[in-house]
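J.: The structure's right below; bear with me while I get my questions together.
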Amino acid sequence: MENVHLAEEEDDLYSGYNDYNPTFDSEVSYFNSCRVIGDIFILLFHLILPSVSRVGTVRLKTVSAFQYMTCVISGSTFDPLGQSKGPAPPLEAKNEDTLDEKIKIMEKKVNDLIEESCMAHSLGASQLALEKAKEAGRKERALVRQREQSGSADHINLDLTYSVLFNLANQYENNDMYPEALNSYQVIVKNKMFSNAGRLKVNMANIYFKQKNYPKAIKFYRMALDQISNTHKEMRIKIMQNIGVVFVRMGQYSDAITSFEHIMSESPNLTVGYNLILCYYAIGDKERMKKAFQKLICVPLGIAEEDKYIPSNDDTHTNMVIEAIKNDQLHQMERERKALAEKFIMTAAKLIAPAIEPSFAAGFDWCVEMVKSSQYVELANDLEINKAITYLRQKDFNQAVQILKTFEKKDSRVKSAAATNLAALYSLENDYDQADRYADLAMNADRYNPAALINKGNTVFVKQDYEKAAEFYKEAFRNDSSCTEALYNLGLSYKKLNRLEEALDCFLKLHAILRNSAQVMYQVADLYELLEDPQQAIEWLMKLISVTPTDPKVLVKLGELYDSEGDKSQAFQHYYESFRYFPSNIDVIEWLGAYYIETQFCEKAIQYFERATLIQPTQVKWQLMVASCYRRSGNYQKALETYKDIHRKFPENVECLRFLVRLCTDMGLKEVQEYATKLKKVEKMKEIREQVHHHCLPHVRDSGHSSQGTGTRGERLSAKIRSLPSSHEPYETSSQRELDAPYVDPLGPQMERPKSAARKWQEDDDFADEELGDDLLPE
């Protein structure tokens, strides 16, 4: 199920004002409902009228400095034409030292500070706005003291006090200083001299909602609701809507349903209708889900169905005016409202379709029938396509294809969408001929559909026509610059064409869009490696590791690059990390084993070769490496046991028999004759097989004993093991002339170290001096 969120209301709760601070836009936008935004004061202080009231909130009165400015002329009547012969009378001097004038000046300063605070907030300077609000509060308190000292406390300007407190509370809230904001609101609410101040409890409830104190939010919303008369219907509806959403956050769906149902019966709207469907879905009420869906699609949009402005073919000027009208703010608002309604209906249908009927297909069919009989009839096709996509998610490809094929004769937009899905579906099934056909159909229906162009490019890419594929990807990217798939595929095309610089440019641009895309970063690193810049490749792989730290393949790639740069310690670290996250990679196991052999820690290499034996039990080379590690570390008894175990599993392995003969000779064991006889027999059989092979295939030239030292085809050693440095091998047999049994240590020669009896055995107990009886020779 897709993520479903509670719908959000974008207009102000008390309406009438467009400018507000959308603090709750990402959650529940109508929680900004009852806020008196400070920007309104900018208008208030430019009005000469003594008082201004706003709909749905407290009556605000403000003292404007302009209302006290008059022009007083004494001594004669007003003479605008200058016909009076007498001298102009002097103006009456203003006494600025009087108490009233001082108070007026102080009030003007307070008003100016409030206005500056509002302006700062509108420009995004929240901290400056708060400082101005605090300063206005200090000056207003000084003004009140001045009034009290002069004995004119009865003439205190309550509207100015209210404005100061209210602006301060708003600025505290804008700066996320919720306790201070609540205290400021509380001062206003508790003062009975402020009429209608109880409505500000909505603002307090909004703050409690931000703090996720939902019980307190419910309490204050209800207190505000009690203080608003029924004549303010819209305001009451908004508050009830807030109450319903808070109940949803608390998981009390029945209480939320009660609020939403009342609103839908009194004043239905899209947001509440959608939230009501979600609540019914939460409690699993199928029938009420259907009824709520029917109510949702019946909510009037208030948008004219037919366009009244029809362009004229002759009048260019008129057409320009009509085009401007079609794109004015009102039409944009109508389009946004319609798009929001379609989003609610589509999401609700996809949500309830699997729940209202026994099968999701029947549920989709019911929703389609309801939509066809409503004002959203064009959404029926989109619902059908969503039905096909739901089939795809359930891996029912046949049903999805049948539904999508029915759109071939529909209008171009729907046809293009259906054909695009069919092309993608056939591509996933490797039916590229059908995918190419439907990609062409989608492009013909809508040439500017980037998805159709990408599908067409993919079908061409599969046919290895990378130049043509790149053209389709470029066209898709030109049509939609946000289409990251087109840019990614274009980079791959350039990479196939060996235009590495252009490919790198594509992926670097893509990285600027998708900063944490692991695929993009890997492609950039790979391209730098192809461009022979290993340091840049390592740098990008390190960035990739920060995003996907447990990816074993990336760790192996880093190890390879460090190994090629000669940094063995870093290479070991990344190989080891890769082994830790994915201990079944044979290449990693082999590298780690070879690393410990190079550093003369054969005992540690044993555990890795033993793991390789578990992964590939039929490959004798890993078991031979284990035995050789035991022998190199001086544990000859364990090495002998391992060789014997290998011989039981692989009785015809010449390599193992040669080591057994050598070890038994060196250790003076009686089994030497037994293994020597077996070695003779195996070599004789091998010789016979080779002769038969040459007799049957005389035209095939013998290239020598290619298996010598590496066993059969499945036993060959990797280049990493064979590349170990060679030197004199103390255990190499000296019986090559009689037994023709030379062998090479699968781990390479070991480093010289102090020896005691081993050298004596090599000098005194030469296998070539052994006398073998006729009964030990192969038959």
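Residue names in the structure tokens use chain letters A, B, ... in the order shown, residue numbers from 1 in each chain, and ligand numbers from 1 in the order shown.
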Quick one: DSSP helix (DSSP H, G or I) residues in stretch 312-348 of chain A, as a PyMOL selection string?

T.: chain A and resi 316-326+329-348

J.: Compare A:Glu529, A:Glu475, A:Glu577, A:Asp365 by their minimum atom-to-atom distance to A:Leu500, counting only C-alpha atoms, and give me the closest one.

T.: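 Smallest separation from A:Leu500 among the options: A:Glu529.
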
J.: Could you list, as an MDAnalysis selection string, every residue within 12 Å of A:Tyr172, counting only C-alpha atoms and ignoring same-chain residues fewer than 6 positions away?

T.: chainID A and resid 38 117 121 126:134 165:166 178:185 207

J.: If you keep N, CA and C atoms, can you produce a file of those selected residues as a JSON list (two decimals), in the first residue's frame?

T.:
```
[["chain", "number", "residue", "atom", "x", "y", "z"],
["A", 38, "GLY", "N", 1.78, 39.00, 11.45],
["A", 38, "GLY", "CA", 2.32, 40.33, 11.71],
["A", 38, "GLY", "C", 2.38, 41.21, 10.50],
["A", 117, "SER", "N", 9.11, 45.05, 13.12],
["A", 117, "SER", "CA", 9.13, 43.64, 13.48],
["A", 117, "SER", "C", 8.43, 42.79, 12.43],
["A", 121, "HIS", "N", 10.10, 39.97, 9.86],
["A", 121, "HIS", "CA", 9.61, 38.59, 9.74],
["A", 121, "HIS", "C", 9.26, 38.25, 8.30],
["A", 126, "SER", "N", 13.81, 36.26, 11.40],
["A", 126, "SER", "CA", 12.97, 35.97, 12.57],
["A", 126, "SER", "C", 13.58, 36.50, 13.86],
["A", 127, "GLN", "N", 14.89, 36.39, 13.98],
["A", 127, "GLN", "CA", 15.54, 36.85, 15.21],
["A", 127, "GLN", "C", 15.43, 38.35, 15.35],
["A", 128, "LEU", "N", 15.64, 39.09, 14.25],
["A", 128, "LEU", "CA", 15.50, 40.54, 14.28],
["A", 128, "LEU", "C", 14.06, 40.93, 14.58],
["A", 129, "ALA", "N", 13.11, 40.18, 14.02],
["A", 129, "ALA", "CA", 11.70, 40.47, 14.28],
["A", 129, "ALA", "C", 11.39, 40.33, 15.76],
["A", 130, "LEU", "N", 11.97, 39.30, 16.40],
["A", 130, "LEU", "CA", 11.74, 39.11, 17.83],
["A", 130, "LEU", "C", 12.36, 40.25, 18.65],
["A", 131, "GLU", "N", 13.55, 40.67, 18.28],
["A", 131, "GLU", "CA", 14.18, 41.78, 19.00],
["A", 131, "GLU", "C", 13.35, 43.06, 18.91],
["A", 132, "LYS", "N", 12.84, 43.35, 17.73],
["A", 132, "LYS", "CA", 11.99, 44.53, 17.56],
["A", 132, "LYS", "C", 10.71, 44.41, 18.38],
["A", 133, "ALA", "N", 10.13, 43.19, 18.42],
["A", 133, "ALA", "CA", 8.92, 42.98, 19.20],
["A", 133, "ALA", "C", 9.17, 43.20, 20.69],
["A", 134, "LYS", "N", 10.32, 42.71, 21.17],
["A", 134, "LYS", "CA", 10.67, 42.91, 22.58],
["A", 134, "LYS", "C", 10.88, 44.40, 22.89],
["A", 165, "LEU", "N", 1.51, 42.82, 22.60],
["A", 165, "LEU", "CA", 1.53, 41.46, 23.16],
["A", 165, "LEU", "C", 1.31, 40.41, 22.08],
["A", 166, "PHE", "N", 0.38, 40.71, 21.19],
["A", 166, "PHE", "CA", 0.07, 39.73, 20.16],
["A", 166, "PHE", "C", 1.24, 39.54, 19.19],
["A", 178, "TYR", "N", 8.28, 28.14, 22.22],
["A", 178, "TYR", "CA", 6.87, 27.86, 22.51],
["A", 178, "TYR", "C", 6.44, 28.22, 23.93],
["A", 179, "PRO", "N", 7.22, 27.94, 24.97],
["A", 179, "PRO", "CA", 6.78, 28.35, 26.31],
["A", 179, "PRO", "C", 6.57, 29.86, 26.43],
["A", 180, "GLU", "N", 7.48, 30.64, 25.87],
["A", 180, "GLU", "CA", 7.34, 32.09, 25.92],
["A", 180, "GLU", "C", 6.11, 32.55, 25.13],
["A", 181, "ALA", "N", 5.88, 31.91, 23.97],
["A", 181, "ALA", "CA", 4.71, 32.27, 23.18],
["A", 181, "ALA", "C", 3.43, 31.97, 23.93],
["A", 182, "LEU", "N", 3.37, 30.82, 24.59],
["A", 182, "LEU", "CA", 2.18, 30.46, 25.37],
["A", 182, "LEU", "C", 1.95, 31.45, 26.50],
["A", 183, "ASN", "N", 3.02, 31.87, 27.15],
["A", 183, "ASN", "CA", 2.88, 32.85, 28.24],
["A", 183, "ASN", "C", 2.31, 34.17, 27.72],
["A", 184, "SER", "N", 2.80, 34.60, 26.56],
["A", 184, "SER", "CA", 2.29, 35.86, 25.99],
["A", 184, "SER", "C", 0.83, 35.75, 25.61],
["A", 185, "TYR", "N", 0.46, 34.61, 24.99],
["A", 185, "TYR", "CA", -0.95, 34.41, 24.65],
["A", 185, "TYR", "C", -1.81, 34.37, 25.92],
["A", 207, "ILE", "N", 0.12, 25.55, 19.05],
["A", 207, "ILE", "CA", 1.45, 25.35, 19.66],
["A", 207, "ILE", "C", 1.50, 24.00, 20.37]]
```

J.: So which residues touch stretch 650-652 of chain A within 8 Å, counting only C-alpha atoms, skipping near sequence neighbours fewer than 2 positions away, as a list in words?

T.: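 What passes the distance filter is Val620, Ile646, His647, Arg648, Val654 and Val682 of chain A.
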
J.: For a test of reading the model, state the distance in Å between atom CA of A:Tyr675 and atom CA of A:Tyr643, rounded to one decimal.

T.: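 Distance reported for this atom pair: 11.3 Å.
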